[in-house]
Amino acid sequence: MVVKLGFGETEREVAAIGKFEFGKSEVAGTSGISRVLMTGLVESSNPLLQSFVRRPPISAAMGAYKYVSELWRKKQSDVMGFVQRVRCWDYRQHPSIVRVTRPTRPDKARRLGYKAKQGYVIYRVHVRRGGRKRPVAKGIVYGKPTNQGVTQLKFQRSKRSVAEERAGRKLGGLRVLNSYWINEDSTYKYFEVILVDVAHTVIKKDPRINWIVNPVHKHRELRGLTSAGKKYRGLRGKGHRYHKNRPSRRATWKRNNTLSLRRYR
């Protein structure tokens with residue numbers, strides 16, 4: 001695209017005017033030089049201006065998924081607020097685990113491994129919000145005082161991990177790949193879980209996803225092997241602060257508290 005400037009060609013004047021005509025349409029903005037950078041080459045006799053705006057930056061060209069991602073970042077905007085309220089009402093009319101035809105957040109789903117091809121399935125799961133109450137009769141704990149709490153207890157795993165677990169138990173023939181948040185109200189949090197059909201020929205032949213066909217990945221959501229599972233296990237970080245979390249906190253404690261002596265012969 002070529003832009004013709006019919007005014008002064010210094011950088012200061014370009015930045016001050018900030019309005020250029022593209023044939024019949026025109027783009028107006030506060031920063032003129034940024035508009036020039038986003039449009040392309042400029043026909044000008046000033047070599048300084050030509051060298052400055054000869055090539056637009058790569059970040060200026062945003063794809064469709066980038067726009068969708070930016071829209072989801074502004075969850076409190078008027079558009080997203082209205083859409084999310086309407087969607088939340090619709091979600092409440094459905095069961096706790098229901099299959100959807102396509103992901104609500106295609107950009108997020110693709111970043112987590114989803115492909116719009118055979119063998120990939122999306123399920124929406126809602127999990128009740130709130131903390132965990134100890135399941136004891138009449139609130140009586142027959143034990144030491146340190147364990148007598150009934151309310152104000154926090155579950156060790158996240159709601160997203162619980163959603164993956166419920167989807168994995170419900171759909172035993174599928175493998176849980178990943179999940180992401182889509183909505184929430186006063187009662188529930190809604191997640192979409194990406195599942196893979198390991199018996200499908202397309203999945204078996206795809207070198208990017210056929211690793212999940214291996215039997216060691218059965219019910220990986222129940223063993224803390226998904227992204228949400230690794231997060232509550234403390235395996236997201238690196239460095240000396242996370243040495244005690246690998247391979248697991250329990251294994252580290254057992255290794256540090258076990259006395260192993262060589263047998264005397």
# chains A, B, ... in the order shown; residues from 1 in each chain; ligands from 1

call {"tool": "residues_around", "arguments": {"residues": "Glu192 (chain A)", "least_positions_apart": "6", "cutoff": "12 Å", "atoms": "only C-alpha atoms", "output": "VMD selection string"}}
result
chain A and resid 91 96 to 106 108 to 109 112 114 121 to 127 159 to 164 166 to 167 176 to 184

call {"tool": "write_last_selection", "arguments": {"atoms": "C-alpha atoms", "output": "PDB file, in the first residue's frame"}}
result
ATOM      1  CA  TYR A  91     -24.717 -22.525  30.376  1.00  0.00           C
ATOM      2  CA  SER A  96     -22.708 -30.206  34.307  1.00  0.00           C
ATOM      3  CA  ILE A  97     -20.785 -32.000  31.538  1.00  0.00           C
ATOM      4  CA  VAL A  98     -21.887 -31.326  27.961  1.00  0.00           C
ATOM      5  CA  ARG A  99     -20.174 -31.556  24.596  1.00  0.00           C
ATOM      6  CA  VAL A 100     -19.819 -28.415  22.481  1.00  0.00           C
ATOM      7  CA  THR A 101     -19.335 -28.317  18.732  1.00  0.00           C
ATOM      8  CA  ARG A 102     -16.452 -25.859  18.748  1.00  0.00           C
ATOM      9  CA  PRO A 103     -14.322 -24.065  21.359  1.00  0.00           C
ATOM     10  CA  THR A 104     -15.634 -20.827  22.818  1.00  0.00           C
ATOM     11  CA  ARG A 105     -12.092 -19.443  22.825  1.00  0.00           C
ATOM     12  CA  PRO A 106     -10.478 -20.732  19.607  1.00  0.00           C
ATOM     13  CA  LYS A 108      -6.813 -20.225  23.666  1.00  0.00           C
ATOM     14  CA  ALA A 109      -7.744 -23.742  22.587  1.00  0.00           C
ATOM     15  CA  LEU A 112      -3.221 -25.472  24.335  1.00  0.00           C
ATOM     16  CA  TYR A 114      -6.483 -28.133  20.009  1.00  0.00           C
ATOM     17  CA  VAL A 121     -13.376 -33.138  21.241  1.00  0.00           C
ATOM     18  CA  ILE A 122     -14.433 -30.198  23.430  1.00  0.00           C
ATOM     19  CA  TYR A 123     -16.543 -30.639  26.565  1.00  0.00           C
ATOM     20  CA  ARG A 124     -17.846 -27.893  28.848  1.00  0.00           C
ATOM     21  CA  VAL A 125     -17.761 -28.632  32.578  1.00  0.00           C
ATOM     22  CA  HIS A 126     -19.051 -26.514  35.436  1.00  0.00           C
ATOM     23  CA  VAL A 127     -17.704 -26.816  38.983  1.00  0.00           C
ATOM     24  CA  LYS A 159     -11.324 -25.832  40.103  1.00  0.00           C
ATOM     25  CA  ARG A 160      -9.858 -26.355  36.653  1.00  0.00           C
ATOM     26  CA  SER A 161      -8.154 -29.525  37.816  1.00  0.00           C
ATOM     27  CA  VAL A 162     -11.449 -30.750  39.265  1.00  0.00           C
ATOM     28  CA  ALA A 163     -13.177 -30.055  35.942  1.00  0.00           C
ATOM     29  CA  GLU A 164     -10.540 -32.093  34.108  1.00  0.00           C
ATOM     30  CA  ARG A 166     -14.751 -35.066  36.154  1.00  0.00           C
ATOM     31  CA  ALA A 167     -14.511 -34.973  32.388  1.00  0.00           C
ATOM     32  CA  VAL A 176      -7.562 -35.180  28.633  1.00  0.00           C
ATOM     33  CA  LEU A 177      -5.160 -32.884  26.813  1.00  0.00           C
ATOM     34  CA  ASN A 178      -5.750 -29.525  28.496  1.00  0.00           C
ATOM     35  CA  SER A 179      -8.435 -27.110  29.662  1.00  0.00           C
ATOM     36  CA  TYR A 180      -9.157 -23.393  30.046  1.00  0.00           C
ATOM     37  CA  TRP A 181     -11.559 -21.028  31.808  1.00  0.00           C
ATOM     38  CA  ILE A 182     -14.497 -19.617  29.874  1.00  0.00           C
ATOM     39  CA  ASN A 183     -16.979 -18.128  32.348  1.00  0.00           C
ATOM     40  CA  GLU A 184     -18.171 -17.948  35.928  1.00  0.00           C
TER      41      GLU A 184
END

call {"tool": "select_by_dssp", "arguments": {"residues": "region 34-261 of chain A", "states": "strand (DSSP E)", "output": "PyMOL selection string"}}
result
chain A and resi 41-43+97-100+120-128+174-184+188-197

call {"tool": "write_last_selection", "arguments": {"atoms": "N, CA, C and O atoms", "output": "compact mmCIF listing (two decimals), in the first residue's frame"}}
result
# COMPACT_ATOMS: atom_id res chain seq x y z
N LEU A 41 4.58 1.73 2.75
CA LEU A 41 5.53 2.66 2.18
C LEU A 41 4.91 4.04 2.00
O LEU A 41 3.70 4.18 1.84
N VAL A 42 5.74 5.03 2.01
CA VAL A 42 5.30 6.41 1.86
C VAL A 42 6.05 7.03 0.69
O VAL A 42 7.27 6.92 0.60
N GLU A 43 5.30 7.64 -0.23
CA GLU A 43 5.92 8.35 -1.35
C GLU A 43 6.32 9.73 -0.87
O GLU A 43 5.48 10.57 -0.59
N ILE A 97 -21.77 -31.61 32.54
CA ILE A 97 -20.79 -32.00 31.54
C ILE A 97 -21.52 -32.15 30.22
O ILE A 97 -22.39 -33.00 30.07
N VAL A 98 -21.18 -31.32 29.23
CA VAL A 98 -21.89 -31.33 27.96
C VAL A 98 -20.87 -31.07 26.85
O VAL A 98 -19.93 -30.28 27.01
N ARG A 99 -21.08 -31.74 25.73
CA ARG A 99 -20.17 -31.56 24.60
C ARG A 99 -20.58 -30.32 23.80
O ARG A 99 -21.77 -30.06 23.61
N VAL A 100 -19.59 -29.58 23.32
CA VAL A 100 -19.82 -28.41 22.48
C VAL A 100 -19.21 -28.68 21.11
O VAL A 100 -18.25 -29.45 20.97
N TYR A 120 -10.36 -34.71 17.95
CA TYR A 120 -10.35 -33.71 19.01
C TYR A 120 -11.80 -33.40 19.41
O TYR A 120 -12.66 -33.19 18.56
N VAL A 121 -12.03 -33.36 20.71
CA VAL A 121 -13.38 -33.14 21.24
C VAL A 121 -13.30 -32.06 22.32
O VAL A 121 -12.31 -31.98 23.06
N ILE A 122 -14.34 -31.24 22.41
CA ILE A 122 -14.43 -30.20 23.43
C ILE A 122 -15.65 -30.47 24.30
O ILE A 122 -16.76 -30.68 23.79
N TYR A 123 -15.44 -30.48 25.61
CA TYR A 123 -16.54 -30.64 26.56
C TYR A 123 -16.52 -29.46 27.54
O TYR A 123 -15.44 -29.02 27.97
N ARG A 124 -17.72 -28.97 27.86
CA ARG A 124 -17.85 -27.89 28.85
C ARG A 124 -18.25 -28.50 30.19
O ARG A 124 -19.17 -29.32 30.26
N VAL A 125 -17.53 -28.10 31.23
CA VAL A 125 -17.76 -28.63 32.58
C VAL A 125 -17.93 -27.46 33.53
O VAL A 125 -17.17 -26.48 33.46
N HIS A 126 -18.92 -27.54 34.40
CA HIS A 126 -19.05 -26.51 35.44
C HIS A 126 -18.78 -27.14 36.80
O HIS A 126 -19.17 -28.28 37.07
N VAL A 127 -18.09 -26.38 37.64
CA VAL A 127 -17.70 -26.82 38.98
C VAL A 127 -18.23 -25.79 39.97
O VAL A 127 -18.08 -24.57 39.76
N ARG A 128 -18.83 -26.27 41.03
CA ARG A 128 -19.39 -25.35 42.02
C ARG A 128 -18.28 -24.59 42.72
O ARG A 128 -17.26 -25.17 43.11
N LEU A 174 -11.55 -41.32 26.26
CA LEU A 174 -10.83 -40.16 25.75
C LEU A 174 -9.71 -39.78 26.72
O LEU A 174 -9.78 -40.08 27.91
N ARG A 175 -8.72 -39.11 26.21
CA ARG A 175 -7.60 -38.63 27.04
C ARG A 175 -7.69 -37.11 27.17
O ARG A 175 -7.91 -36.41 26.17
N VAL A 176 -7.51 -36.62 28.37
CA VAL A 176 -7.56 -35.18 28.63
C VAL A 176 -6.25 -34.55 28.19
O VAL A 176 -5.17 -34.94 28.65
N LEU A 177 -6.34 -33.58 27.29
CA LEU A 177 -5.16 -32.88 26.81
C LEU A 177 -4.89 -31.62 27.61
O LEU A 177 -3.78 -31.40 28.08
N ASN A 178 -5.92 -30.78 27.77
CA ASN A 178 -5.75 -29.53 28.50
C ASN A 178 -7.13 -28.93 28.74
O ASN A 178 -8.15 -29.51 28.36
N SER A 179 -7.17 -27.77 29.37
CA SER A 179 -8.43 -27.11 29.66
C SER A 179 -8.18 -25.62 29.86
O SER A 179 -7.03 -25.18 30.02
N TYR A 180 -9.27 -24.84 29.86
CA TYR A 180 -9.16 -23.39 30.05
C TYR A 180 -10.48 -22.86 30.56
O TYR A 180 -11.54 -23.45 30.39
N TRP A 181 -10.40 -21.70 31.22
CA TRP A 181 -11.56 -21.03 31.81
C TRP A 181 -12.34 -20.33 30.71
O TRP A 181 -11.78 -19.75 29.78
N ILE A 182 -13.68 -20.34 30.84
CA ILE A 182 -14.50 -19.62 29.87
C ILE A 182 -15.48 -18.66 30.54
O ILE A 182 -15.80 -17.62 29.97
N ASN A 183 -15.97 -18.99 31.75
CA ASN A 183 -16.98 -18.13 32.35
C ASN A 183 -17.15 -18.50 33.81
O ASN A 183 -16.65 -19.54 34.26
N GLU A 184 -17.84 -17.66 34.53
CA GLU A 184 -18.17 -17.95 35.93
C GLU A 184 -19.31 -17.05 36.37
O GLU A 184 -19.50 -15.94 35.85
N TYR A 188 -21.11 -21.16 39.92
CA TYR A 188 -20.28 -22.10 39.19
C TYR A 188 -19.13 -21.39 38.48
O TYR A 188 -19.19 -20.19 38.19
N LYS A 189 -18.10 -22.17 38.20
CA LYS A 189 -17.05 -21.79 37.27
C LYS A 189 -17.13 -22.76 36.09
O LYS A 189 -17.26 -23.97 36.28
N TYR A 190 -17.03 -22.20 34.89
CA TYR A 190 -17.19 -23.00 33.69
C TYR A 190 -15.85 -23.13 32.97
O TYR A 190 -15.13 -22.14 32.78
N PHE A 191 -15.53 -24.35 32.59
CA PHE A 191 -14.30 -24.64 31.89
C PHE A 191 -14.61 -25.48 30.65
O PHE A 191 -15.61 -26.20 30.62
N GLU A 192 -13.74 -25.35 29.66
CA GLU A 192 -13.81 -26.22 28.50
C GLU A 192 -12.58 -27.11 28.50
O GLU A 192 -11.44 -26.64 28.61
N VAL A 193 -12.82 -28.41 28.39
CA VAL A 193 -11.76 -29.42 28.46
C VAL A 193 -11.53 -29.97 27.06
O VAL A 193 -12.48 -30.36 26.36
N ILE A 194 -10.27 -30.01 26.65
CA ILE A 194 -9.89 -30.57 25.35
C ILE A 194 -9.55 -32.05 25.56
O ILE A 194 -8.66 -32.38 26.34
N LEU A 195 -10.26 -32.91 24.86
CA LEU A 195 -10.03 -34.34 24.96
C LEU A 195 -9.66 -34.90 23.59
O LEU A 195 -10.04 -34.33 22.55
N VAL A 196 -8.93 -36.01 23.60
CA VAL A 196 -8.42 -36.62 22.37
C VAL A 196 -8.87 -38.06 22.33
O VAL A 196 -8.76 -38.79 23.33
N ASP A 197 -9.36 -38.48 21.17
CA ASP A 197 -9.77 -39.87 20.96
C ASP A 197 -8.55 -40.65 20.47
O ASP A 197 -8.17 -40.57 19.30

call {"tool": "residues_around", "arguments": {"residues": "Val136 (chain A)", "least_positions_apart": "3", "cutoff": "12 Å", "atoms": "only C-alpha atoms", "output": "ChimeraX atom specification"}}
result
/A:132-133,139-143,147-151

call {"tool": "closest_residue", "arguments": {"among": "A:Leu171, A:Ala228, A:Ala116, A:Leu71", "to": "Val83 (chain A)", "atoms": "only C-alpha atoms"}}
result
A:Leu71

call {"tool": "atom_distance", "arguments": {"atom1": "CA of Arg249 (chain A)", "atom2": "CA of His217 (chain A)"}}
result
21.4 Å

call {"tool": "decode", "arguments": {"residues": "region 170-200 of chain A", "atoms": "N, CA and C atoms", "output": "mmCIF file, in the first residue's frame"}}
result
data_model
loop_
_atom_site.group_PDB
_atom_site.id
_atom_site.type_symbol
_atom_site.label_atom_id
_atom_site.label_comp_id
_atom_site.auth_asym_id
_atom_site.auth_seq_id
_atom_site.Cartn_x
_atom_site.Cartn_y
_atom_site.Cartn_z
ATOM 1 N N LYS A 170 -15.900 -39.193 33.331
ATOM 2 C CA LYS A 170 -17.123 -39.365 32.555
ATOM 3 C C LYS A 170 -16.844 -39.989 31.194
ATOM 4 N N LEU A 171 -15.721 -39.599 30.590
ATOM 5 C CA LEU A 171 -15.380 -40.035 29.237
ATOM 6 C C LEU A 171 -14.100 -40.860 29.304
ATOM 7 N N GLY A 172 -14.258 -42.103 29.704
ATOM 8 C CA GLY A 172 -13.091 -42.947 29.938
ATOM 9 C C GLY A 172 -12.329 -43.317 28.688
ATOM 10 N N GLY A 173 -12.966 -43.285 27.524
ATOM 11 C CA GLY A 173 -12.279 -43.641 26.295
ATOM 12 C C GLY A 173 -11.471 -42.523 25.693
ATOM 13 N N LEU A 174 -11.552 -41.320 26.257
ATOM 14 C CA LEU A 174 -10.827 -40.163 25.747
ATOM 15 C C LEU A 174 -9.712 -39.781 26.717
ATOM 16 N N ARG A 175 -8.717 -39.108 26.215
ATOM 17 C CA ARG A 175 -7.601 -38.630 27.042
ATOM 18 C C ARG A 175 -7.694 -37.112 27.171
ATOM 19 N N VAL A 176 -7.510 -36.620 28.371
ATOM 20 C CA VAL A 176 -7.562 -35.180 28.633
ATOM 21 C C VAL A 176 -6.252 -34.552 28.186
ATOM 22 N N LEU A 177 -6.344 -33.583 27.292
ATOM 23 C CA LEU A 177 -5.160 -32.884 26.813
ATOM 24 C C LEU A 177 -4.894 -31.621 27.609
ATOM 25 N N ASN A 178 -5.917 -30.778 27.772
ATOM 26 C CA ASN A 178 -5.750 -29.525 28.496
ATOM 27 C C ASN A 178 -7.128 -28.932 28.742
ATOM 28 N N SER A 179 -7.170 -27.775 29.371
ATOM 29 C CA SER A 179 -8.435 -27.110 29.662
ATOM 30 C C SER A 179 -8.180 -25.622 29.857
ATOM 31 N N TYR A 180 -9.267 -24.842 29.862
ATOM 32 C CA TYR A 180 -9.157 -23.393 30.046
ATOM 33 C C TYR A 180 -10.481 -22.859 30.564
ATOM 34 N N TRP A 181 -10.398 -21.701 31.220
ATOM 35 C CA TRP A 181 -11.559 -21.028 31.808
ATOM 36 C C TRP A 181 -12.343 -20.329 30.713
ATOM 37 N N ILE A 182 -13.682 -20.344 30.843
ATOM 38 C CA ILE A 182 -14.497 -19.617 29.874
ATOM 39 C C ILE A 182 -15.479 -18.661 30.536
ATOM 40 N N ASN A 183 -15.967 -18.988 31.750
ATOM 41 C CA ASN A 183 -16.979 -18.128 32.348
ATOM 42 C C ASN A 183 -17.146 -18.497 33.814
ATOM 43 N N GLU A 184 -17.841 -17.658 34.533
ATOM 44 C CA GLU A 184 -18.171 -17.948 35.928
ATOM 45 C C GLU A 184 -19.308 -17.046 36.373
ATOM 46 N N ASP A 185 -20.076 -17.521 37.349
ATOM 47 C CA ASP A 185 -21.104 -16.710 37.972
ATOM 48 C C ASP A 185 -20.989 -16.884 39.477
ATOM 49 N N SER A 186 -22.039 -16.565 40.207
ATOM 50 C CA SER A 186 -21.957 -16.633 41.659
ATOM 51 C C SER A 186 -21.888 -18.056 42.185
ATOM 52 N N THR A 187 -22.302 -19.024 41.383
ATOM 53 C CA THR A 187 -22.407 -20.409 41.846
ATOM 54 C C THR A 187 -21.398 -21.334 41.203
ATOM 55 N N TYR A 188 -21.114 -21.162 39.916
ATOM 56 C CA TYR A 188 -20.278 -22.103 39.189
ATOM 57 C C TYR A 188 -19.129 -21.390 38.483
ATOM 58 N N LYS A 189 -18.099 -22.174 38.204
ATOM 59 C CA LYS A 189 -17.054 -21.792 37.267
ATOM 60 C C LYS A 189 -17.127 -22.756 36.093
ATOM 61 N N TYR A 190 -17.030 -22.204 34.893
ATOM 62 C CA TYR A 190 -17.192 -23.002 33.687
ATOM 63 C C TYR A 190 -15.848 -23.128 32.974
ATOM 64 N N PHE A 191 -15.535 -24.354 32.591
ATOM 65 C CA PHE A 191 -14.295 -24.643 31.886
ATOM 66 C C PHE A 191 -14.610 -25.480 30.650
ATOM 67 N N GLU A 192 -13.743 -25.347 29.664
ATOM 68 C CA GLU A 192 -13.809 -26.216 28.500
ATOM 69 C C GLU A 192 -12.583 -27.114 28.498
ATOM 70 N N VAL A 193 -12.818 -28.412 28.388
ATOM 71 C CA VAL A 193 -11.760 -29.418 28.459
ATOM 72 C C VAL A 193 -11.533 -29.974 27.058
ATOM 73 N N ILE A 194 -10.269 -30.012 26.650
ATOM 74 C CA ILE A 194 -9.888 -30.572 25.353
ATOM 75 C C ILE A 194 -9.547 -32.046 25.559
ATOM 76 N N LEU A 195 -10.262 -32.910 24.859
ATOM 77 C CA LEU A 195 -10.033 -34.345 24.956
ATOM 78 C C LEU A 195 -9.662 -34.896 23.585
ATOM 79 N N VAL A 196 -8.930 -36.008 23.599
ATOM 80 C CA VAL A 196 -8.425 -36.617 22.372
ATOM 81 C C VAL A 196 -8.871 -38.065 22.330
ATOM 82 N N ASP A 197 -9.365 -38.482 21.169
ATOM 83 C CA ASP A 197 -9.773 -39.869 20.960
ATOM 84 C C ASP A 197 -8.554 -40.651 20.475
ATOM 85 N N VAL A 198 -7.947 -41.426 21.368
ATOM 86 C CA VAL A 198 -6.707 -42.128 21.031
ATOM 87 C C VAL A 198 -6.956 -43.317 20.111
ATOM 88 N N ALA A 199 -8.212 -43.736 19.933
ATOM 89 C CA ALA A 199 -8.519 -44.846 19.039
ATOM 90 C C ALA A 199 -8.721 -44.390 17.599
ATOM 91 N N HIS A 200 -8.703 -43.075 17.374
ATOM 92 C CA HIS A 200 -8.937 -42.567 16.030
ATOM 93 C C HIS A 200 -7.666 -42.674 15.188
#
